[in-house]
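Structure data follow from my_file.cif (mmCIF, C-alpha atoms):
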data_upload
loop_
_atom_site.group_PDB
_atom_site.id
_atom_site.type_symbol
_atom_site.label_atom_id
_atom_site.label_comp_id
_atom_site.auth_asym_id
_atom_site.auth_seq_id
_atom_site.Cartn_x
_atom_site.Cartn_y
_atom_site.Cartn_z
ATOM 1 C CA MET A 1 10.140 -9.882 -21.808
ATOM 2 C CA ALA A 2 9.219 -6.736 -19.935
ATOM 3 C CA THR A 3 11.959 -4.906 -18.117
ATOM 4 C CA ASN A 4 12.013 -4.734 -14.375
ATOM 5 C CA SER A 5 11.225 -1.014 -14.462
ATOM 6 C CA ALA A 6 8.307 -1.400 -16.878
ATOM 7 C CA LEU A 7 6.865 -4.219 -14.772
ATOM 8 C CA ALA A 8 7.189 -2.141 -11.600
ATOM 9 C CA LYS A 9 5.475 0.833 -13.210
ATOM 10 C CA SER A 10 2.568 -1.193 -14.542
ATOM 11 C CA VAL A 11 2.053 -3.063 -11.264
ATOM 12 C CA LEU A 12 2.200 0.133 -9.189
ATOM 13 C CA ARG A 13 -0.218 1.876 -11.559
ATOM 14 C CA GLU A 14 -2.652 -1.011 -11.293
ATOM 15 C CA ILE A 15 -2.419 -1.009 -7.487
ATOM 16 C CA GLN A 16 -2.953 2.759 -7.463
ATOM 17 C CA ASP A 17 -6.121 2.369 -9.553
ATOM 18 C CA ASN A 18 -7.407 -0.262 -7.160
ATOM 19 C CA LEU A 19 -6.618 1.875 -4.128
ATOM 20 C CA GLN A 20 -8.436 4.810 -5.672
ATOM 21 C CA ALA A 21 -11.474 2.597 -5.993
ATOM 22 C CA LEU A 22 -11.243 2.179 -2.210
ATOM 23 C CA SER A 23 -11.144 6.006 -1.843
ATOM 24 C CA PHE A 24 -7.403 6.240 -1.217
ATOM 25 C CA CYS A 25 -5.756 9.271 -2.826
ATOM 26 C CA LYS A 26 -2.065 9.634 -3.525
ATOM 27 C CA LYS A 27 -0.583 12.676 -1.855
ATOM 28 C CA ARG A 28 2.110 14.161 0.346
ATOM 29 C CA GLY A 29 5.111 12.634 -1.358
ATOM 30 C CA GLY A 30 3.911 9.213 -2.342
ATOM 31 C CA GLY A 31 1.649 7.502 0.172
ATOM 32 C CA PHE A 32 -2.067 6.847 -0.249
ATOM 33 C CA TYR A 33 -4.478 8.422 2.202
ATOM 34 C CA LYS A 34 -8.161 7.920 2.904
ATOM 35 C CA GLU A 35 -10.216 10.146 5.153
ATOM 36 C CA LEU A 36 -11.594 8.201 8.091
ATOM 37 C CA GLY A 37 -12.965 11.012 10.200
ATOM 38 C CA LYS A 38 -12.374 14.599 11.219
ATOM 39 C CA ASP A 39 -8.929 13.910 12.668
ATOM 40 C CA THR A 40 -7.810 10.664 11.108
ATOM 41 C CA GLU A 41 -6.662 9.365 7.751
ATOM 42 C CA GLY A 42 -5.926 5.794 6.749
ATOM 43 C CA TYR A 43 -2.549 5.270 5.134
ATOM 44 C CA VAL A 44 -1.166 2.798 2.600
ATOM 45 C CA GLY A 45 2.458 2.785 1.477
ATOM 46 C CA LEU A 46 4.036 0.485 -1.074
ATOM 47 C CA ASN A 47 7.495 -0.901 -0.464
ATOM 48 C CA LEU A 48 9.138 -1.871 -3.747
ATOM 49 C CA ALA A 49 12.071 -4.284 -4.047
ATOM 50 C CA THR A 50 13.666 -4.129 -7.496
ATOM 51 C CA ARG A 51 16.846 -6.113 -7.000
ATOM 52 C CA LEU A 52 15.391 -9.589 -6.868
ATOM 53 C CA PRO A 53 16.800 -12.416 -9.010
ATOM 54 C CA ASN A 54 15.530 -12.929 -12.579
ATOM 55 C CA ASN A 55 14.290 -9.350 -12.960
ATOM 56 C CA ARG A 56 11.503 -9.922 -10.476
ATOM 57 C CA ILE A 57 10.076 -7.209 -8.312
ATOM 58 C CA GLY A 58 8.618 -7.499 -4.823
ATOM 59 C CA ILE A 59 5.886 -5.393 -3.283
ATOM 60 C CA SER A 60 4.877 -5.255 0.337
ATOM 61 C CA SER A 61 2.179 -2.933 1.543
ATOM 62 C CA ILE A 62 2.457 -0.827 4.652
ATOM 63 C CA VAL A 63 -0.779 0.245 6.327
ATOM 64 C CA GLY A 64 -1.303 2.803 9.034
ATOM 65 C CA VAL A 65 -3.217 5.739 10.374
ATOM 66 C CA SER A 66 -2.349 9.404 10.479
ATOM 67 C CA TYR A 67 -3.815 11.175 13.495
ATOM 68 C CA LEU A 68 -3.649 14.709 12.139
ATOM 69 C CA PRO A 69 -3.645 16.726 15.402
ATOM 70 C CA ILE A 70 -0.596 14.772 16.605
ATOM 71 C CA GLU A 71 1.233 15.295 13.331
ATOM 72 C CA ASP A 72 0.302 18.997 13.230
ATOM 73 C CA ARG A 73 1.495 19.506 16.795
ATOM 74 C CA ILE A 74 4.864 17.886 16.031
ATOM 75 C CA GLN A 75 5.285 20.044 12.928
ATOM 76 C CA LYS A 76 4.739 23.143 15.056
ATOM 77 C CA LEU A 77 7.300 22.014 17.621
ATOM 78 C CA CYS A 78 10.037 21.102 15.133
ATOM 79 C CA ILE A 79 12.051 23.240 12.734
ATOM 80 C CA THR A 80 12.199 20.407 10.222
ATOM 81 C CA SER A 81 10.040 17.293 10.133
ATOM 82 C CA PRO A 82 11.629 14.400 11.998
ATOM 83 C CA PHE A 83 9.722 11.866 9.899
ATOM 84 C CA LEU A 84 9.616 10.740 6.282
ATOM 85 C CA ASN A 85 5.814 10.607 6.327
ATOM 86 C CA ASP A 86 3.028 11.534 8.714
ATOM 87 C CA ALA A 87 1.536 8.145 9.484
ATOM 88 C CA THR A 88 1.234 8.008 13.262
ATOM 89 C CA LEU A 89 1.068 4.205 13.429
ATOM 90 C CA THR A 90 2.277 1.864 10.694
ATOM 91 C CA THR A 91 2.785 -1.819 10.114
ATOM 92 C CA ALA A 92 3.440 -4.109 7.197
ATOM 93 C CA VAL A 93 0.034 -5.565 6.368
ATOM 94 C CA GLY A 94 1.352 -9.112 6.772
ATOM 95 C CA TYR A 95 1.579 -8.664 10.534
ATOM 96 C CA LEU A 96 -2.178 -8.073 10.634
ATOM 97 C CA THR A 97 -2.967 -11.328 8.851
ATOM 98 C CA PRO A 98 -3.507 -14.581 10.726
ATOM 99 C CA GLU A 99 0.047 -15.563 9.781
ATOM 100 C CA LYS A 100 1.421 -12.464 11.529
ATOM 101 C CA ARG A 101 4.559 -12.214 9.388
ATOM 102 C CA PHE A 102 6.052 -9.915 6.788
ATOM 103 C CA LEU A 103 4.543 -10.585 3.375
ATOM 104 C CA GLN A 104 5.996 -9.559 0.062
ATOM 105 C CA TRP A 105 4.289 -10.289 -3.226
ATOM 106 C CA VAL A 106 6.772 -11.201 -5.946
ATOM 107 C CA PHE A 107 6.092 -10.404 -9.611
ATOM 108 C CA ASP A 108 7.945 -12.186 -12.375
ATOM 109 C CA PRO A 109 8.138 -10.566 -15.848
ATOM 110 C CA ALA A 110 7.857 -14.029 -17.362
ATOM 111 C CA LEU A 111 4.535 -14.661 -15.641
ATOM 112 C CA ARG A 112 2.502 -11.649 -16.735
ATOM 113 C CA ASP A 113 -0.729 -13.601 -16.895
ATOM 114 C CA ILE A 114 -0.991 -13.905 -13.126
ATOM 115 C CA VAL A 115 -0.069 -10.304 -12.316
ATOM 116 C CA ASP A 116 -3.696 -9.238 -11.955
ATOM 117 C CA SER A 117 -4.538 -12.024 -9.546
ATOM 118 C CA GLU A 118 -1.528 -11.159 -7.371
ATOM 119 C CA ILE A 119 -2.497 -7.497 -7.333
ATOM 120 C CA ALA A 120 -5.982 -8.567 -6.277
ATOM 121 C CA LYS A 121 -4.404 -10.387 -3.329
ATOM 122 C CA ILE A 122 -2.531 -7.257 -2.260
ATOM 123 C CA ILE A 123 -5.708 -5.201 -2.420
ATOM 124 C CA ARG A 124 -7.684 -7.881 -0.617
ATOM 125 C CA SER A 125 -5.120 -7.944 2.208
ATOM 126 C CA ILE A 126 -5.475 -4.169 2.580
ATOM 127 C CA GLU A 127 -9.272 -4.388 2.553
ATOM 128 C CA GLN A 128 -9.515 -7.387 4.827
ATOM 129 C CA TYR A 129 -6.816 -6.546 7.376
ATOM 130 C CA GLY A 130 -5.635 -2.979 6.783
ATOM 131 C CA LEU A 131 -8.972 -1.174 6.768
ATOM 132 C CA PRO A 132 -10.198 -2.706 10.058
ATOM 133 C CA PHE A 133 -6.852 -1.773 11.614
ATOM 134 C CA MET A 134 -7.353 1.816 10.472
ATOM 135 C CA GLN A 135 -10.932 1.927 11.750
ATOM 136 C CA GLU A 136 -9.790 0.656 15.151
ATOM 137 C CA HIS A 137 -7.394 3.577 15.524
ATOM 138 C CA THR A 138 -9.442 6.686 14.913
ATOM 139 C CA SER A 139 -9.497 7.884 18.528
ATOM 140 C CA LEU A 140 -6.720 9.594 20.452
ATOM 141 C CA ASP A 141 -7.067 7.035 23.259
ATOM 142 C CA SER A 142 -6.475 4.112 20.915
ATOM 143 C CA ILE A 143 -3.419 5.819 19.433
ATOM 144 C CA ILE A 144 -1.980 6.554 22.883
ATOM 145 C CA GLU A 145 -2.564 2.959 23.948
ATOM 146 C CA GLU A 146 -0.532 1.635 21.009
ATOM 147 C CA LEU A 147 2.240 4.210 21.397
ATOM 148 C CA GLU A 148 2.542 3.452 25.118
ATOM 149 C CA ALA A 149 2.966 -0.233 24.270
ATOM 150 C CA THR A 150 5.412 0.614 21.434
ATOM 151 C CA ARG A 151 3.159 -1.178 18.976
ATOM 152 C CA TYR A 152 3.058 -0.156 15.291
ATOM 153 C CA THR A 153 5.891 2.294 15.889
ATOM 154 C CA VAL A 154 9.583 2.387 16.764
ATOM 155 C CA ASN A 155 11.386 4.250 19.526
ATOM 156 C CA ASP A 156 12.725 6.916 17.132
ATOM 157 C CA LEU A 157 9.152 7.864 16.159
ATOM 158 C CA ARG A 158 7.458 7.206 19.478
ATOM 159 C CA ARG A 159 9.620 9.699 21.372
ATOM 160 C CA TYR A 160 7.985 12.490 19.353
ATOM 161 C CA ARG A 161 4.473 11.193 18.908
ATOM 162 C CA LEU A 162 3.649 9.985 22.395
ATOM 163 C CA PRO A 163 4.464 13.304 24.140
ATOM 164 C CA ALA A 164 2.497 15.154 21.457
ATOM 165 C CA ALA A 165 -0.418 12.774 22.007
ATOM 166 C CA TYR A 166 -0.216 13.305 25.777
ATOM 167 C CA LEU A 167 -0.377 17.074 25.268
ATOM 168 C CA LEU A 168 -3.506 16.711 23.157
ATOM 169 C CA ALA A 169 -5.039 14.480 25.814
ATOM 170 C CA GLY A 170 -4.354 17.107 28.472
ATOM 171 C CA LYS A 171 -1.633 14.985 30.094
ATOM 172 C CA ARG A 172 1.102 17.597 30.134
ATOM 173 C CA ASP A 173 2.916 16.090 33.115
ATOM 174 C CA GLU A 174 3.231 12.751 31.360
ATOM 175 C CA ALA A 175 4.473 14.467 28.201
ATOM 176 C CA LEU A 176 7.149 16.334 30.148
ATOM 177 C CA LYS A 177 8.172 13.225 32.062
ATOM 178 C CA LEU A 178 8.612 11.193 28.892
ATOM 179 C CA VAL A 179 10.558 13.939 27.135
ATOM 180 C CA GLY A 180 12.803 14.256 30.193
ATOM 181 C CA GLN A 181 13.516 10.518 30.135
ATOM 182 C CA GLU A 182 14.350 10.644 26.436
ATOM 183 C CA LEU A 183 16.676 13.608 26.889
ATOM 184 C CA GLU A 184 18.441 11.803 29.699
ATOM 185 C CA ALA A 185 18.834 8.683 27.557
ATOM 186 C CA MET A 186 20.505 10.669 24.759
ATOM 187 C CA ARG A 187 22.767 12.692 27.045
ATOM 188 C CA GLY A 188 26.195 13.138 25.462
ATOM 189 C CA ARG A 189 25.015 12.352 21.949
ATOM 190 C CA THR A 190 25.897 14.916 19.290
ATOM 191 C CA ASP A 191 24.360 13.277 16.218
ATOM 192 C CA PRO A 192 21.711 15.118 14.134
ATOM 193 C CA ALA A 193 18.863 12.955 15.472
ATOM 194 C CA ALA A 194 19.702 13.911 19.048
ATOM 195 C CA SER A 195 20.091 17.610 18.172
ATOM 196 C CA GLN A 196 16.745 17.581 16.400
ATOM 197 C CA TYR A 197 15.052 15.977 19.376
ATOM 198 C CA ARG A 198 16.448 18.590 21.769
ATOM 199 C CA VAL A 199 14.833 21.322 19.651
ATOM 200 C CA PHE A 200 11.493 19.499 19.826
ATOM 201 C CA ALA A 201 11.841 18.868 23.560
ATOM 202 C CA GLN A 202 12.636 22.482 24.335
ATOM 203 C CA ALA A 203 9.677 23.726 22.320
ATOM 204 C CA LEU A 204 7.381 21.237 24.033
ATOM 205 C CA GLN A 205 8.632 22.184 27.495
ATOM 206 C CA GLU A 206 7.914 25.843 26.721
ATOM 207 C CA GLN A 207 4.313 25.127 25.710
ATOM 208 C CA MET B 1 4.057 -16.506 -7.127
ATOM 209 C CA PRO B 2 2.830 -16.915 -3.573
ATOM 210 C CA ALA B 3 3.436 -14.206 -1.022
ATOM 211 C CA GLN B 4 7.008 -14.585 0.015
ATOM 212 C CA GLY B 5 7.851 -14.496 3.685
ATOM 213 C CA LEU B 6 11.003 -12.853 4.930
ATOM 214 C CA PRO B 7 12.711 -14.087 8.080
ATOM 215 C CA ASP B 8 10.995 -13.025 11.265
ATOM 216 C CA HIS B 9 13.667 -14.502 13.478
ATOM 217 C CA GLU B 10 17.381 -14.890 13.292
ATOM 218 C CA PRO B 11 18.638 -18.154 11.795
ATOM 219 C CA GLY B 12 19.897 -20.549 14.385
ATOM 220 C CA GLN B 13 18.380 -18.637 17.251
ATOM 221 C CA VAL B 14 15.157 -18.804 19.159
ATOM 222 C CA PRO B 15 12.572 -16.728 17.288
ATOM 223 C CA CYS B 16 12.363 -13.296 18.801
ATOM 224 C CA ARG B 17 9.778 -10.592 18.403
ATOM 225 C CA VAL B 18 11.197 -8.647 15.488
ATOM 226 C CA ARG B 19 9.148 -6.905 12.854
ATOM 227 C CA LEU B 20 10.363 -6.011 9.428
ATOM 228 C CA PHE B 21 9.733 -2.361 8.768
ATOM 229 C CA CYS B 22 11.143 -1.740 5.358
ATOM 230 C CA GLY B 23 13.024 -3.558 2.623
ATOM 231 C CA SER B 24 15.693 -2.311 0.225
ATOM 232 C CA LEU B 25 16.453 1.217 1.349
ATOM 233 C CA ILE B 26 19.279 3.721 1.177
ATOM 234 C CA ILE B 27 21.192 4.821 4.234
ATOM 235 C CA SER B 28 23.231 7.987 4.210
ATOM 236 C CA THR B 29 25.877 8.953 6.745
ATOM 237 C CA SER B 30 27.914 12.110 7.077
ATOM 238 C CA PHE B 31 30.995 10.168 6.012
ATOM 239 C CA PRO B 32 31.667 8.297 3.790
ATOM 240 C CA GLY B 33 28.343 8.312 2.021
ATOM 241 C CA ARG B 34 25.570 5.945 1.112
ATOM 242 C CA ALA B 35 24.794 2.255 1.082
ATOM 243 C CA ARG B 36 21.712 0.302 0.090
ATOM 244 C CA ALA B 37 20.599 -1.919 2.964
ATOM 245 C CA ASP B 38 18.524 -5.031 2.415
ATOM 246 C CA PHE B 39 16.004 -4.277 5.144
ATOM 247 C CA VAL B 40 15.270 -2.527 8.412
ATOM 248 C CA TYR B 41 13.449 -4.189 11.269
ATOM 249 C CA ARG B 42 12.434 -3.298 14.781
ATOM 250 C CA ASP B 43 13.602 -5.488 17.626
ATOM 251 C CA ALA B 44 11.575 -6.524 20.646
ATOM 252 C CA ASP B 45 12.491 -3.280 22.432
ATOM 253 C CA GLY B 46 11.228 -1.088 19.608
ATOM 254 C CA SER B 47 14.679 -0.122 18.342
ATOM 255 C CA LEU B 48 15.465 -0.034 14.638
ATOM 256 C CA VAL B 49 18.091 -2.463 13.358
ATOM 257 C CA VAL B 50 19.537 -2.446 9.850
ATOM 258 C CA GLY B 51 19.789 -5.921 8.330
ATOM 259 C CA GLU B 52 22.070 -7.048 5.555
ATOM 260 C CA ALA B 53 21.585 -10.468 3.990
ATOM 261 C CA LYS B 54 24.654 -12.340 2.776
ATOM 262 C CA ASN B 55 24.573 -15.717 1.095
ATOM 263 C CA GLY B 56 27.433 -18.179 0.783
ATOM 264 C CA SER B 57 30.554 -18.840 2.780
ATOM 265 C CA THR B 58 32.561 -16.100 1.039
ATOM 266 C CA ALA B 59 29.897 -13.396 1.112
ATOM 267 C CA ALA B 60 30.866 -10.382 3.168
ATOM 268 C CA LEU B 61 30.216 -6.674 3.429
ATOM 269 C CA ASN B 62 31.968 -4.706 0.712
ATOM 270 C CA PRO B 63 34.332 -1.858 1.711
ATOM 271 C CA ASN B 64 31.647 0.800 1.199
ATOM 272 C CA GLN B 65 29.150 -1.089 3.340
ATOM 273 C CA LYS B 66 31.773 -1.566 6.043
ATOM 274 C CA SER B 67 32.440 2.182 6.141
ATOM 275 C CA VAL B 68 28.819 3.304 6.012
ATOM 276 C CA TYR B 69 27.565 0.750 8.519
ATOM 277 C CA GLY B 70 30.502 1.484 10.797
ATOM 278 C CA GLU B 71 29.573 5.160 10.784
ATOM 279 C CA LEU B 72 25.882 4.355 11.242
ATOM 280 C CA GLN B 73 26.661 2.343 14.344
ATOM 281 C CA LYS B 74 28.908 5.035 15.796
ATOM 282 C CA GLY B 75 27.255 8.298 14.819
ATOM 283 C CA GLY B 76 23.891 7.509 13.247
ATOM 284 C CA GLY B 77 22.669 8.489 9.813
ATOM 285 C CA GLN B 78 19.693 9.191 7.608
ATOM 286 C CA PHE B 79 17.210 7.091 5.696
ATOM 287 C CA VAL B 80 16.765 8.213 2.110
ATOM 288 C CA GLY B 81 14.394 7.355 -0.724
ATOM 289 C CA GLY B 82 10.949 6.083 -1.504
ATOM 290 C CA ASN B 83 10.903 2.849 0.451
ATOM 291 C CA ALA B 84 11.998 4.505 3.681
ATOM 292 C CA ARG B 85 9.385 7.224 3.140
ATOM 293 C CA GLU B 86 6.600 4.748 2.390
ATOM 294 C CA ALA B 87 7.465 2.841 5.565
ATOM 295 C CA GLY B 88 7.350 6.048 7.605
ATOM 296 C CA LEU B 89 10.861 5.839 8.989
ATOM 297 C CA PRO B 90 12.466 8.745 10.839
ATOM 298 C CA GLN B 91 14.594 11.178 8.822
ATOM 299 C CA SER B 92 17.583 10.791 11.100
ATOM 300 C CA VAL B 93 18.585 8.145 13.564
ATOM 301 C CA GLY B 94 21.232 8.031 16.247
ATOM 302 C CA PRO B 95 23.759 5.222 16.527
ATOM 303 C CA THR B 96 21.968 2.211 15.044
ATOM 304 C CA GLN B 97 22.762 -1.468 15.196
ATOM 305 C CA VAL B 98 23.572 -3.332 11.962
ATOM 306 C CA ARG B 99 23.169 -7.109 11.723
ATOM 307 C CA VAL B 100 24.491 -9.304 8.921
ATOM 308 C CA PHE B 101 22.461 -12.469 8.330
#
Represent the supplied structure as structure tokens.
Amino acid sequence: MATNSALAKSVLREIQDNLQALSFCKKRGGGFYKELGKDTEGYVGLNLATRLPNNRIGISSIVGVSYLPIEDRIQKLCITSPFLNDATLTTAVGYLTPEKRFLQWVFDPALRDIVDSEIAKIIRSIEQYGLPFMQEHTSLDSIIEELEATRYTVNDLRRYRLPAAYLLAGKRDEALKLVGQELEAMRGRTDPAASQYRVFAQALQEQ
Amino acid sequence: MPAQGLPDHEPGQVPCRVRLFCGSLIISTSFPGRARADFVYRDADGSLVVGEAKNGSTAALNPNQKSVYGELQKGGGQFVGGNAREAGLPQSVGPTQVRVF
């Protein structure tokens, strides 16, 4: 029986090969990126669960888009990156399927003969639901629309990306207003996340 | 091995609009250290919530989890490791809710 670690490695390698066939390249600390246009890259991340019963592993794919001018602007405004990757919008691919729920594909070391077919399902979900999602979000307007609605993001990420997007769209007043609201909401906080945001906010206000 | 769904609403409650963001990730706090959480989801307001799954009537948070999650709820913390990175989580978060299911 294969070990959990060996199974994970072989499954991830196989997925990587399949993603490369779709023009995704592994870079910047682990994720897979595909150029969509001058300013946008598609993103695929793989979430690996290794502590499942019976030595099984679980894989869920995260899809997203990186709008490079937004990410570059944030990097310039921060001393250290506030994010663990530079995907501007992300979602687990399962939420894009008709079922609209989190999906995790489970691999069992005792059932090696169906590994390939399960990997094919992961890749198909990315092709069928992830790629159209990426293509729909190649414009700044579409990114702003999602960030304003807090879709495919969370508040901790949105408070950086939406003001940066507003600046790029020439909406400086809206950027300043949002940053002001966020600063007010974290008044009195002394944790590292709040300190980091104040640095970003000050740099943005001085732009 | 069909695709396995994870809960998208809290047991015993009316389904709410939560979205799982990341499974099995490490959380680090200034004190006392690290814990591996089962998953992180976003609630209907867009806030991150750390979820810990416990099975059985005697299952409970261990002392390390109690300390780390207590600190995370009071003073925030950091997400560490590959799964958090792949999901695109923030490096640091402020005081963050923890739910045990």
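Candidate residues A:Leu168, A:Ala8, A:Leu157, A:Leu204 were compared for distance to Val93 (chain B), and the nearest is A:Leu157, using all atoms listed in the file.
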Selection under test: the PyMOL selection byres ((chain A) within 7 of (chain B)); residues as a PyMOL selection string: chain A and resi 31+45-49+62+82-85+87+92+101-107+150+154-157+191-194
Residues within 10 Å of Gln202 (chain A), only C-alpha atoms, excluding chain neighbours under 5 positions, as an mmCIF file with C-alpha atoms, keeping the file's coordinate frame:
data_model
loop_
_atom_site.group_PDB
_atom_site.id
_atom_site.type_symbol
_atom_site.label_atom_id
_atom_site.label_comp_id
_atom_site.auth_asym_id
_atom_site.auth_seq_id
_atom_site.Cartn_x
_atom_site.Cartn_y
_atom_site.Cartn_z
ATOM 1 C CA LEU A 77 7.300 22.014 17.621
ATOM 2 C CA CYS A 78 10.037 21.102 15.133
ATOM 3 C CA VAL A 179 10.558 13.939 27.135
ATOM 4 C CA TYR A 197 15.052 15.977 19.376
ATOM 5 C CA GLN A 207 4.313 25.127 25.710
#
Pull out every residue that the PyMOL selection byres ((chain A and resi 138) around 12) matches in the shown coordinates and put them as a ChimeraX atom specification. /A:35-42,64-69,88-89,131-137,139-146
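Here CA of Ser67 (chain B) and CA of Ser195 (chain A) stand 23.1 Å from one another.
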Can you tell me how far CA of Val49 (chain B) sits from CA of Ser125 (chain A), in Å to one decimal?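 Rounded to one decimal, the two atoms are 26.3 Å apart.
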For the structure provided, state which residues fall under the PyMOL selection byres ((chain A and resi 110-123) around 8), and present them as a PDB file with C-alpha atoms, keeping the file's coordinate frame.
ATOM      1  CA  MET A   1      10.140  -9.882 -21.808  1.00  0.00           C
ATOM      2  CA  ALA A   2       9.219  -6.736 -19.935  1.00  0.00           C
ATOM      3  CA  VAL A  11       2.053  -3.063 -11.264  1.00  0.00           C
ATOM      4  CA  GLU A  14      -2.652  -1.011 -11.293  1.00  0.00           C
ATOM      5  CA  ILE A  15      -2.419  -1.009  -7.487  1.00  0.00           C
ATOM      6  CA  ASN A  18      -7.407  -0.262  -7.160  1.00  0.00           C
ATOM      7  CA  LEU A  19      -6.618   1.875  -4.128  1.00  0.00           C
ATOM      8  CA  SER A  61       2.179  -2.933   1.543  1.00  0.00           C
ATOM      9  CA  TRP A 105       4.289 -10.289  -3.226  1.00  0.00           C
ATOM     10  CA  PHE A 107       6.092 -10.404  -9.611  1.00  0.00           C
ATOM     11  CA  ASP A 108       7.945 -12.186 -12.375  1.00  0.00           C
ATOM     12  CA  PRO A 109       8.138 -10.566 -15.848  1.00  0.00           C
ATOM     13  CA  ARG A 124      -7.684  -7.881  -0.617  1.00  0.00           C
ATOM     14  CA  SER A 125      -5.120  -7.944   2.208  1.00  0.00           C
ATOM     15  CA  ILE A 126      -5.475  -4.169   2.580  1.00  0.00           C
ATOM     16  CA  GLU A 127      -9.272  -4.388   2.553  1.00  0.00           C
TER      17      GLU A 127
ATOM     18  CA  MET B   1       4.057 -16.506  -7.127  1.00  0.00           C
TER      19      MET B   1
END
What does the structure give for the distance between CA of Val199 (chain A) and CA of Glu148 (chain A), in Å to one decimal?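 CA of Glu148 (chain A) lies at a distance of 22.4 Å from CA of Val199 (chain A).
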Identify, on the basis of all atoms listed in the file, every residue whose closest approach to Leu61 (chain B) does not exceed 12 Å; exclude the query and any residue fewer than 2 positions from it along the same chain; express the result as a PDB file with C-alpha atoms, keeping the file's coordinate frame.
ATOM      1  CA  ALA B  35      24.794   2.255   1.082  1.00  0.00           C
ATOM      2  CA  ARG B  36      21.712   0.302   0.090  1.00  0.00           C
ATOM      3  CA  ALA B  37      20.599  -1.919   2.964  1.00  0.00           C
ATOM      4  CA  ASP B  38      18.524  -5.031   2.415  1.00  0.00           C
ATOM      5  CA  GLY B  51      19.789  -5.921   8.330  1.00  0.00           C
ATOM      6  CA  GLU B  52      22.070  -7.048   5.555  1.00  0.00           C
ATOM      7  CA  ALA B  53      21.585 -10.468   3.990  1.00  0.00           C
ATOM      8  CA  LYS B  54      24.654 -12.340   2.776  1.00  0.00           C
ATOM      9  CA  ASN B  55      24.573 -15.717   1.095  1.00  0.00           C
ATOM     10  CA  THR B  58      32.561 -16.100   1.039  1.00  0.00           C
ATOM     11  CA  ALA B  59      29.897 -13.396   1.112  1.00  0.00           C
ATOM     12  CA  PRO B  63      34.332  -1.858   1.711  1.00  0.00           C
ATOM     13  CA  ASN B  64      31.647   0.800   1.199  1.00  0.00           C
ATOM     14  CA  GLN B  65      29.150  -1.089   3.340  1.00  0.00           C
ATOM     15  CA  LYS B  66      31.773  -1.566   6.043  1.00  0.00           C
ATOM     16  CA  SER B  67      32.440   2.182   6.141  1.00  0.00           C
ATOM     17  CA  VAL B  68      28.819   3.304   6.012  1.00  0.00           C
ATOM     18  CA  TYR B  69      27.565   0.750   8.519  1.00  0.00           C
ATOM     19  CA  GLY B  70      30.502   1.484  10.797  1.00  0.00           C
ATOM     20  CA  VAL B  98      23.572  -3.332  11.962  1.00  0.00           C
ATOM     21  CA  ARG B  99      23.169  -7.109  11.723  1.00  0.00           C
ATOM     22  CA  VAL B 100      24.491  -9.304   8.921  1.00  0.00           C
ATOM     23  CA  PHE B 101      22.461 -12.469   8.330  1.00  0.00           C
TER      24      PHE B 101
END
Box for region 55-67 of chain B: with edges along x, y and z, all listed atoms inside and 4 Å added on each side, what are the centre and edge lengths in Å to one decimal, as JSON?
{"center_x": 29.5, "center_y": -8.3, "center_z": 3.4, "size_x": 17.8, "size_y": 29.0, "size_z": 13.4}
From the list A:Pro163, A:Asp86, A:Arg198, A:Thr50, which residue is nearest Phe32 (chain A) when using all atoms listed in the file? A:Asp86
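In terms of minimum interatomic distance to Glu174 (chain A), A:Gln205 ranks closest within A:Thr80, A:Gln196, A:Ser60, A:Gln205, counting all atoms listed in the file.
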Point out the residue among B:Thr29, B:Gln97, B:Asn62, B:Gln73 with the least atom-to-atom distance to Val50 (chain B), counting all atoms listed in the file.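 Between B:Thr29, B:Gln97, B:Asn62, B:Gln73, the residue approaching Val50 (chain B) most closely is B:Gln97.
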Region 74-92 of chain B from the block above: C-alpha atoms written as a PDB file, in the first residue's frame:
ATOM      1  CA  LYS B  74      -8.605  38.133  21.461  1.00  0.00           C
ATOM      2  CA  GLY B  75      -5.561  39.377  19.583  1.00  0.00           C
ATOM      3  CA  GLY B  76      -5.566  37.806  16.127  1.00  0.00           C
ATOM      4  CA  GLY B  77      -2.859  35.698  14.553  1.00  0.00           C
ATOM      5  CA  GLN B  78      -1.261  34.492  11.359  1.00  0.00           C
ATOM      6  CA  PHE B  79      -2.036  31.825   8.806  1.00  0.00           C
ATOM      7  CA  VAL B  80       0.944  29.643   7.985  1.00  0.00           C
ATOM      8  CA  GLY B  81       1.720  26.973   5.405  1.00  0.00           C
ATOM      9  CA  GLY B  82       0.852  25.752   1.963  1.00  0.00           C
ATOM     10  CA  ASN B  83      -2.900  25.391   2.239  1.00  0.00           C
ATOM     11  CA  ALA B  84      -3.385  28.914   3.551  1.00  0.00           C
ATOM     12  CA  ARG B  85      -1.123  30.227   0.782  1.00  0.00           C
ATOM     13  CA  GLU B  86      -2.913  28.281  -1.948  1.00  0.00           C
ATOM     14  CA  ALA B  87      -6.242  29.645  -0.712  1.00  0.00           C
ATOM     15  CA  GLY B  88      -4.889  33.198  -0.781  1.00  0.00           C
ATOM     16  CA  LEU B  89      -5.559  34.016   2.848  1.00  0.00           C
ATOM     17  CA  PRO B  90      -4.181  37.156   4.486  1.00  0.00           C
ATOM     18  CA  GLN B  91      -0.846  36.891   6.311  1.00  0.00           C
ATOM     19  CA  SER B  92      -2.235  38.343   9.510  1.00  0.00           C
TER      20      SER B  92
END
